[in-house]
Amino acid sequence: FFSSGHVGRSFFCCPPARLTGAYMSRAAGTPPREFRYVERGIERTVHADANPVAPGPAVGGDSVALGTATSSAVREYQDKLKAIELQQRGLSKQEVALKLGRSEHWVKRWWRQTPELLQRPHGAQDGVFRRAPLLGFRDVEFRKGFVQEPQMFDELMNGLPWRQGKVTCRDELTNELVLRFDEQGRTIPAKRMVADYTEGIMAFDKMLQRAFAAADIRDPQARIVCNFYADGEKSLNAHRHDHWTCLIS
């Protein structure tokens, strides 16, 4: 289970193990707080105790938080938001500095600022980045063993109205998601099946209640989408959201 750093109004539940080009597992023979993951074909190892948790629900148990900043400027902006949030939670200047790996002088400068007034990184002209809500600037949080209902996969497979997914892209003028077409003007099938969900599968409903609580999802308009990948060769290309996302695999 993880809640990602670009995302607010979507909640994706995907039955298979591999989702968006990054996955995480316990490295064989390693300490309980060490994780091995693959991101875009590159294998990395991270120690949970060495990675501070971003503002948001506390990460505990078999879990780890990973920073999502794509540049030093974005990381600094995210750290400013974290400093403000951690100060509001009651942490001391020294504790905030330790969590963020920043000096106390740096923390003192930013931790009482107003988040909405902070200038976003220079050169961030990407439409998704500009529109992303403040809650979207959070670390990626991985949690293992979140799903405890062994029968849920079969119930979802047999109980949802699956349909063929379609490849989408962003319109260069409006920045909205639109269908992508091939040279013959036909929509392009994606490598996954999709289904919308409201309620009705008891095991899934119980798990969603835990997920909404753990990820602190309060938006009543949060959308639940299920993706099914037939095998390990099916995947999504790397992409970004303009809202933060919770995925369950």
# chains A, B, ... in the order shown; residues from 1 in each chain; ligands from 1
>>> residues_around(residues="Tyr197 (chain A)", least_positions_apart="3", cutoff="9 Å", atoms="only C-alpha atoms", output="PDB file with C-alpha atoms, in the first residue's frame")
ATOM      1  CA  LEU A 160     -16.892  -6.516 -11.111  1.00  0.00           C
ATOM      2  CA  GLY A 200     -21.245  -4.222  -2.514  1.00  0.00           C
ATOM      3  CA  ARG A 223     -13.026   7.950  -7.016  1.00  0.00           C
ATOM      4  CA  ILE A 224     -12.375   4.215  -6.760  1.00  0.00           C
ATOM      5  CA  VAL A 225     -10.987   2.557  -9.884  1.00  0.00           C
ATOM      6  CA  CYS A 226      -9.902  -1.073 -10.209  1.00  0.00           C
TER       7      CYS A 226
END
>>> atom_distance(atom1="CA of Val38 (chain A)", atom2="CA of Arg143 (chain A)")
15.5 Å
>>> residues_around(residues="region 179-192 of chain A", least_positions_apart="6", cutoff="6 Å", atoms="only C-alpha atoms", output="list in words")
Gly165, Lys166, Val167, Thr168, Phe228, Tyr229 and Lys234 of chain A
>>> write_last_selection(atoms="N, CA, C and O atoms", output="mmCIF file, in the first residue's frame")
data_model
loop_
_atom_site.group_PDB
_atom_site.id
_atom_site.type_symbol
_atom_site.label_atom_id
_atom_site.label_comp_id
_atom_site.auth_asym_id
_atom_site.auth_seq_id
_atom_site.Cartn_x
_atom_site.Cartn_y
_atom_site.Cartn_z
ATOM 1 N N GLY A 165 -9.440 -1.355 -20.926
ATOM 2 C CA GLY A 165 -8.969 0.002 -20.714
ATOM 3 C C GLY A 165 -8.510 0.640 -22.014
ATOM 4 O O GLY A 165 -8.211 -0.057 -22.993
ATOM 5 N N LYS A 166 -8.468 1.950 -22.051
ATOM 6 C CA LYS A 166 -8.050 2.699 -23.231
ATOM 7 C C LYS A 166 -6.842 3.574 -22.891
ATOM 8 O O LYS A 166 -6.736 4.105 -21.782
ATOM 9 N N VAL A 167 -5.941 3.745 -23.857
ATOM 10 C CA VAL A 167 -4.775 4.604 -23.675
ATOM 11 C C VAL A 167 -5.222 6.059 -23.749
ATOM 12 O O VAL A 167 -5.964 6.455 -24.655
ATOM 13 N N THR A 168 -4.769 6.855 -22.797
ATOM 14 C CA THR A 168 -5.094 8.275 -22.775
ATOM 15 C C THR A 168 -3.822 9.113 -22.783
ATOM 16 O O THR A 168 -2.718 8.611 -22.539
ATOM 17 N N PHE A 228 -6.998 -4.400 -13.654
ATOM 18 C CA PHE A 228 -6.584 -5.804 -13.662
ATOM 19 C C PHE A 228 -5.560 -6.020 -14.768
ATOM 20 O O PHE A 228 -5.801 -5.715 -15.934
ATOM 21 N N TYR A 229 -4.392 -6.554 -14.380
ATOM 22 C CA TYR A 229 -3.329 -6.886 -15.313
ATOM 23 C C TYR A 229 -3.239 -8.409 -15.385
ATOM 24 O O TYR A 229 -3.028 -9.068 -14.370
ATOM 25 N N LYS A 234 2.065 -7.115 -18.358
ATOM 26 C CA LYS A 234 1.148 -5.993 -18.530
ATOM 27 C C LYS A 234 1.504 -4.904 -17.528
ATOM 28 O O LYS A 234 1.746 -5.173 -16.356
#
>>> select_by_dssp(residues="region 84-184 of chain A", states="alpha helix (DSSP H)", output="VMD selection string")
chain A and resid 84 to 88 93 to 100 104 to 110 127 to 131 152 to 159
>>> write_last_selection(atoms="N, CA and C atoms", output="mmCIF file, in the first residue's frame")
data_model
loop_
_atom_site.group_PDB
_atom_site.id
_atom_site.type_symbol
_atom_site.label_atom_id
_atom_site.label_comp_id
_atom_site.auth_asym_id
_atom_site.auth_seq_id
_atom_site.Cartn_x
_atom_site.Cartn_y
_atom_site.Cartn_z
ATOM 1 N N ILE A 84 6.411 23.058 7.851
ATOM 2 C CA ILE A 84 5.211 23.744 8.353
ATOM 3 C C ILE A 84 4.255 22.746 8.992
ATOM 4 N N GLU A 85 4.040 21.624 8.319
ATOM 5 C CA GLU A 85 3.120 20.602 8.837
ATOM 6 C C GLU A 85 3.629 20.010 10.142
ATOM 7 N N LEU A 86 4.916 19.691 10.201
ATOM 8 C CA LEU A 86 5.478 19.083 11.406
ATOM 9 C C LEU A 86 5.433 20.065 12.584
ATOM 10 N N GLN A 87 5.643 21.352 12.305
ATOM 11 C CA GLN A 87 5.543 22.359 13.367
ATOM 12 C C GLN A 87 4.117 22.421 13.906
ATOM 13 N N GLN A 88 3.145 22.316 13.005
ATOM 14 C CA GLN A 88 1.744 22.348 13.422
ATOM 15 C C GLN A 88 1.370 21.106 14.216
ATOM 16 N N LYS A 93 11.808 22.458 16.868
ATOM 17 C CA LYS A 93 12.669 22.839 15.759
ATOM 18 C C LYS A 93 13.752 21.792 15.518
ATOM 19 N N GLN A 94 14.322 21.284 16.611
ATOM 20 C CA GLN A 94 15.377 20.276 16.493
ATOM 21 C C GLN A 94 14.838 18.990 15.875
ATOM 22 N N GLU A 95 13.631 18.576 16.281
ATOM 23 C CA GLU A 95 13.031 17.352 15.742
ATOM 24 C C GLU A 95 12.722 17.497 14.254
ATOM 25 N N VAL A 96 12.216 18.661 13.862
ATOM 26 C CA VAL A 96 11.915 18.893 12.454
ATOM 27 C C VAL A 96 13.198 18.872 11.636
ATOM 28 N N ALA A 97 14.235 19.530 12.139
ATOM 29 C CA ALA A 97 15.511 19.555 11.432
ATOM 30 C C ALA A 97 16.071 18.150 11.246
ATOM 31 N N LEU A 98 15.929 17.309 12.278
ATOM 32 C CA LEU A 98 16.438 15.947 12.201
ATOM 33 C C LEU A 98 15.663 15.133 11.172
ATOM 34 N N LYS A 99 14.341 15.276 11.162
ATOM 35 C CA LYS A 99 13.516 14.524 10.226
ATOM 36 C C LYS A 99 13.787 14.909 8.780
ATOM 37 N N LEU A 100 14.011 16.189 8.552
ATOM 38 C CA LEU A 100 14.181 16.673 7.185
ATOM 39 C C LEU A 100 15.631 16.694 6.724
ATOM 40 N N GLU A 104 18.758 23.725 11.794
ATOM 41 C CA GLU A 104 17.731 24.401 12.585
ATOM 42 C C GLU A 104 17.511 25.825 12.071
ATOM 43 N N HIS A 105 18.552 26.442 11.572
ATOM 44 C CA HIS A 105 18.414 27.781 11.007
ATOM 45 C C HIS A 105 17.468 27.747 9.813
ATOM 46 N N TRP A 106 17.611 26.741 8.946
ATOM 47 C CA TRP A 106 16.726 26.605 7.788
ATOM 48 C C TRP A 106 15.288 26.382 8.243
ATOM 49 N N VAL A 107 15.103 25.526 9.244
ATOM 50 C CA VAL A 107 13.761 25.245 9.756
ATOM 51 C C VAL A 107 13.128 26.509 10.320
ATOM 52 N N LYS A 108 13.895 27.270 11.085
ATOM 53 C CA LYS A 108 13.379 28.502 11.698
ATOM 54 C C LYS A 108 12.883 29.474 10.636
ATOM 55 N N ARG A 109 13.539 29.492 9.500
ATOM 56 C CA ARG A 109 13.175 30.431 8.435
ATOM 57 C C ARG A 109 11.829 30.076 7.796
ATOM 58 N N TRP A 110 11.494 28.793 7.723
ATOM 59 C CA TRP A 110 10.343 28.377 6.924
ATOM 60 C C TRP A 110 9.182 27.772 7.702
ATOM 61 N N GLY A 127 1.886 21.728 -16.483
ATOM 62 C CA GLY A 127 0.533 22.008 -16.045
ATOM 63 C C GLY A 127 0.119 21.190 -14.848
ATOM 64 N N VAL A 128 0.514 19.909 -14.832
ATOM 65 C CA VAL A 128 0.175 19.050 -13.699
ATOM 66 C C VAL A 128 0.815 19.576 -12.428
ATOM 67 N N PHE A 129 2.073 19.973 -12.515
ATOM 68 C CA PHE A 129 2.778 20.474 -11.333
ATOM 69 C C PHE A 129 2.135 21.747 -10.818
ATOM 70 N N ARG A 130 1.743 22.627 -11.728
ATOM 71 C CA ARG A 130 1.166 23.904 -11.305
ATOM 72 C C ARG A 130 -0.183 23.720 -10.618
ATOM 73 N N ARG A 131 -0.956 22.729 -11.068
ATOM 74 C CA ARG A 131 -2.299 22.547 -10.526
ATOM 75 C C ARG A 131 -2.337 21.635 -9.315
ATOM 76 N N MET A 152 -10.504 -11.810 -1.341
ATOM 77 C CA MET A 152 -10.939 -10.585 -2.004
ATOM 78 C C MET A 152 -10.595 -10.582 -3.492
ATOM 79 N N PHE A 153 -9.452 -11.114 -3.877
ATOM 80 C CA PHE A 153 -9.054 -11.103 -5.287
ATOM 81 C C PHE A 153 -10.084 -11.832 -6.144
ATOM 82 N N ASP A 154 -10.470 -13.039 -5.737
ATOM 83 C CA ASP A 154 -11.452 -13.796 -6.506
ATOM 84 C C ASP A 154 -12.801 -13.093 -6.543
ATOM 85 N N GLU A 155 -13.180 -12.463 -5.435
ATOM 86 C CA GLU A 155 -14.458 -11.755 -5.404
ATOM 87 C C GLU A 155 -14.456 -10.566 -6.355
ATOM 88 N N LEU A 156 -13.323 -9.862 -6.431
ATOM 89 C CA LEU A 156 -13.224 -8.751 -7.368
ATOM 90 C C LEU A 156 -13.207 -9.246 -8.810
ATOM 91 N N MET A 157 -12.475 -10.301 -9.066
ATOM 92 C CA MET A 157 -12.394 -10.841 -10.424
ATOM 93 C C MET A 157 -13.760 -11.278 -10.938
ATOM 94 N N ASN A 158 -14.541 -11.901 -10.065
ATOM 95 C CA ASN A 158 -15.823 -12.475 -10.484
ATOM 96 C C ASN A 158 -17.000 -11.519 -10.311
ATOM 97 N N GLY A 159 -16.813 -10.468 -9.512
ATOM 98 C CA GLY A 159 -17.951 -9.627 -9.176
ATOM 99 C C GLY A 159 -17.985 -8.249 -9.807
#
>>> atom_distance(atom1="CA of Phe146 (chain A)", atom2="CA of Trp244 (chain A)")
18.9 Å
>>> decode(residues="region 94-121 of chain A", atoms="N, CA, C and O atoms", output="short mmCIF file (atom, residue, chain, number, x, y, z; two decimals), in the first residue's frame")
data_model
loop_
_atom_site.label_atom_id
_atom_site.label_comp_id
_atom_site.auth_asym_id
_atom_site.auth_seq_id
_atom_site.Cartn_x
_atom_site.Cartn_y
_atom_site.Cartn_z
N GLN A 94 14.32 21.28 16.61
CA GLN A 94 15.38 20.28 16.49
C GLN A 94 14.84 18.99 15.87
O GLN A 94 15.49 18.37 15.03
N GLU A 95 13.63 18.58 16.28
CA GLU A 95 13.03 17.35 15.74
C GLU A 95 12.72 17.50 14.25
O GLU A 95 12.94 16.57 13.47
N VAL A 96 12.22 18.66 13.86
CA VAL A 96 11.92 18.89 12.45
C VAL A 96 13.20 18.87 11.64
O VAL A 96 13.26 18.27 10.56
N ALA A 97 14.23 19.53 12.14
CA ALA A 97 15.51 19.56 11.43
C ALA A 97 16.07 18.15 11.25
O ALA A 97 16.59 17.80 10.18
N LEU A 98 15.93 17.31 12.28
CA LEU A 98 16.44 15.95 12.20
C LEU A 98 15.66 15.13 11.17
O LEU A 98 16.25 14.38 10.38
N LYS A 99 14.34 15.28 11.16
CA LYS A 99 13.52 14.52 10.23
C LYS A 99 13.79 14.91 8.78
O LYS A 99 13.79 14.07 7.88
N LEU A 100 14.01 16.19 8.55
CA LEU A 100 14.18 16.67 7.19
C LEU A 100 15.63 16.69 6.72
O LEU A 100 15.90 16.91 5.54
N GLY A 101 16.57 16.49 7.64
CA GLY A 101 17.98 16.58 7.26
C GLY A 101 18.38 18.00 6.94
O GLY A 101 19.24 18.24 6.08
N ARG A 102 17.75 18.96 7.61
CA ARG A 102 18.04 20.38 7.40
C ARG A 102 18.60 20.99 8.68
O ARG A 102 18.46 20.42 9.76
N SER A 103 19.20 22.16 8.56
CA SER A 103 19.72 22.84 9.75
C SER A 103 18.56 23.49 10.50
O SER A 103 17.50 23.78 9.94
N GLU A 104 18.76 23.73 11.79
CA GLU A 104 17.73 24.40 12.58
C GLU A 104 17.51 25.83 12.07
O GLU A 104 16.40 26.35 12.16
N HIS A 105 18.55 26.44 11.57
CA HIS A 105 18.41 27.78 11.01
C HIS A 105 17.47 27.75 9.81
O HIS A 105 16.61 28.63 9.66
N TRP A 106 17.61 26.74 8.95
CA TRP A 106 16.73 26.61 7.79
C TRP A 106 15.29 26.38 8.24
O TRP A 106 14.35 27.00 7.72
N VAL A 107 15.10 25.53 9.24
CA VAL A 107 13.76 25.24 9.76
C VAL A 107 13.13 26.51 10.32
O VAL A 107 11.96 26.82 10.06
N LYS A 108 13.89 27.27 11.08
CA LYS A 108 13.38 28.50 11.70
C LYS A 108 12.88 29.47 10.64
O LYS A 108 11.90 30.20 10.85
N ARG A 109 13.54 29.49 9.50
CA ARG A 109 13.17 30.43 8.44
C ARG A 109 11.83 30.08 7.80
O ARG A 109 11.08 30.97 7.38
N TRP A 110 11.49 28.79 7.72
CA TRP A 110 10.34 28.38 6.92
C TRP A 110 9.18 27.77 7.70
O TRP A 110 8.06 27.76 7.20
N TRP A 111 9.39 27.30 8.93
CA TRP A 111 8.35 26.46 9.52
C TRP A 111 7.12 27.21 10.02
O TRP A 111 6.12 26.59 10.36
N ARG A 112 7.14 28.52 10.01
CA ARG A 112 5.95 29.29 10.40
C ARG A 112 5.37 30.09 9.21
O ARG A 112 4.54 30.97 9.41
N GLN A 113 5.78 29.71 8.00
CA GLN A 113 5.26 30.37 6.82
C GLN A 113 3.86 29.82 6.48
O GLN A 113 3.44 28.78 6.97
N THR A 114 3.15 30.53 5.61
CA THR A 114 1.85 30.08 5.12
C THR A 114 2.07 29.26 3.85
O THR A 114 2.64 29.77 2.88
N PRO A 115 1.65 27.98 3.83
CA PRO A 115 1.93 27.11 2.67
C PRO A 115 1.50 27.71 1.34
O PRO A 115 2.23 27.62 0.35
N GLU A 116 0.31 28.31 1.29
CA GLU A 116 -0.21 28.83 0.04
C GLU A 116 0.62 29.98 -0.52
O GLU A 116 0.53 30.30 -1.72
N LEU A 117 1.41 30.63 0.33
CA LEU A 117 2.20 31.78 -0.11
C LEU A 117 3.61 31.40 -0.55
O LEU A 117 4.35 32.24 -1.06
N LEU A 118 3.98 30.14 -0.35
CA LEU A 118 5.31 29.71 -0.78
C LEU A 118 5.38 29.68 -2.30
O LEU A 118 4.46 29.22 -2.98
N GLN A 119 6.47 30.18 -2.84
CA GLN A 119 6.65 30.18 -4.29
C GLN A 119 7.05 28.79 -4.76
O GLN A 119 7.96 28.17 -4.22
N ARG A 120 6.35 28.30 -5.75
CA ARG A 120 6.69 26.98 -6.30
C ARG A 120 7.99 27.09 -7.09
O ARG A 120 8.36 28.18 -7.56
N PRO A 121 8.71 25.99 -7.22
CA PRO A 121 10.05 26.04 -7.83
C PRO A 121 10.06 26.74 -9.18
O PRO A 121 9.16 26.55 -10.00
#
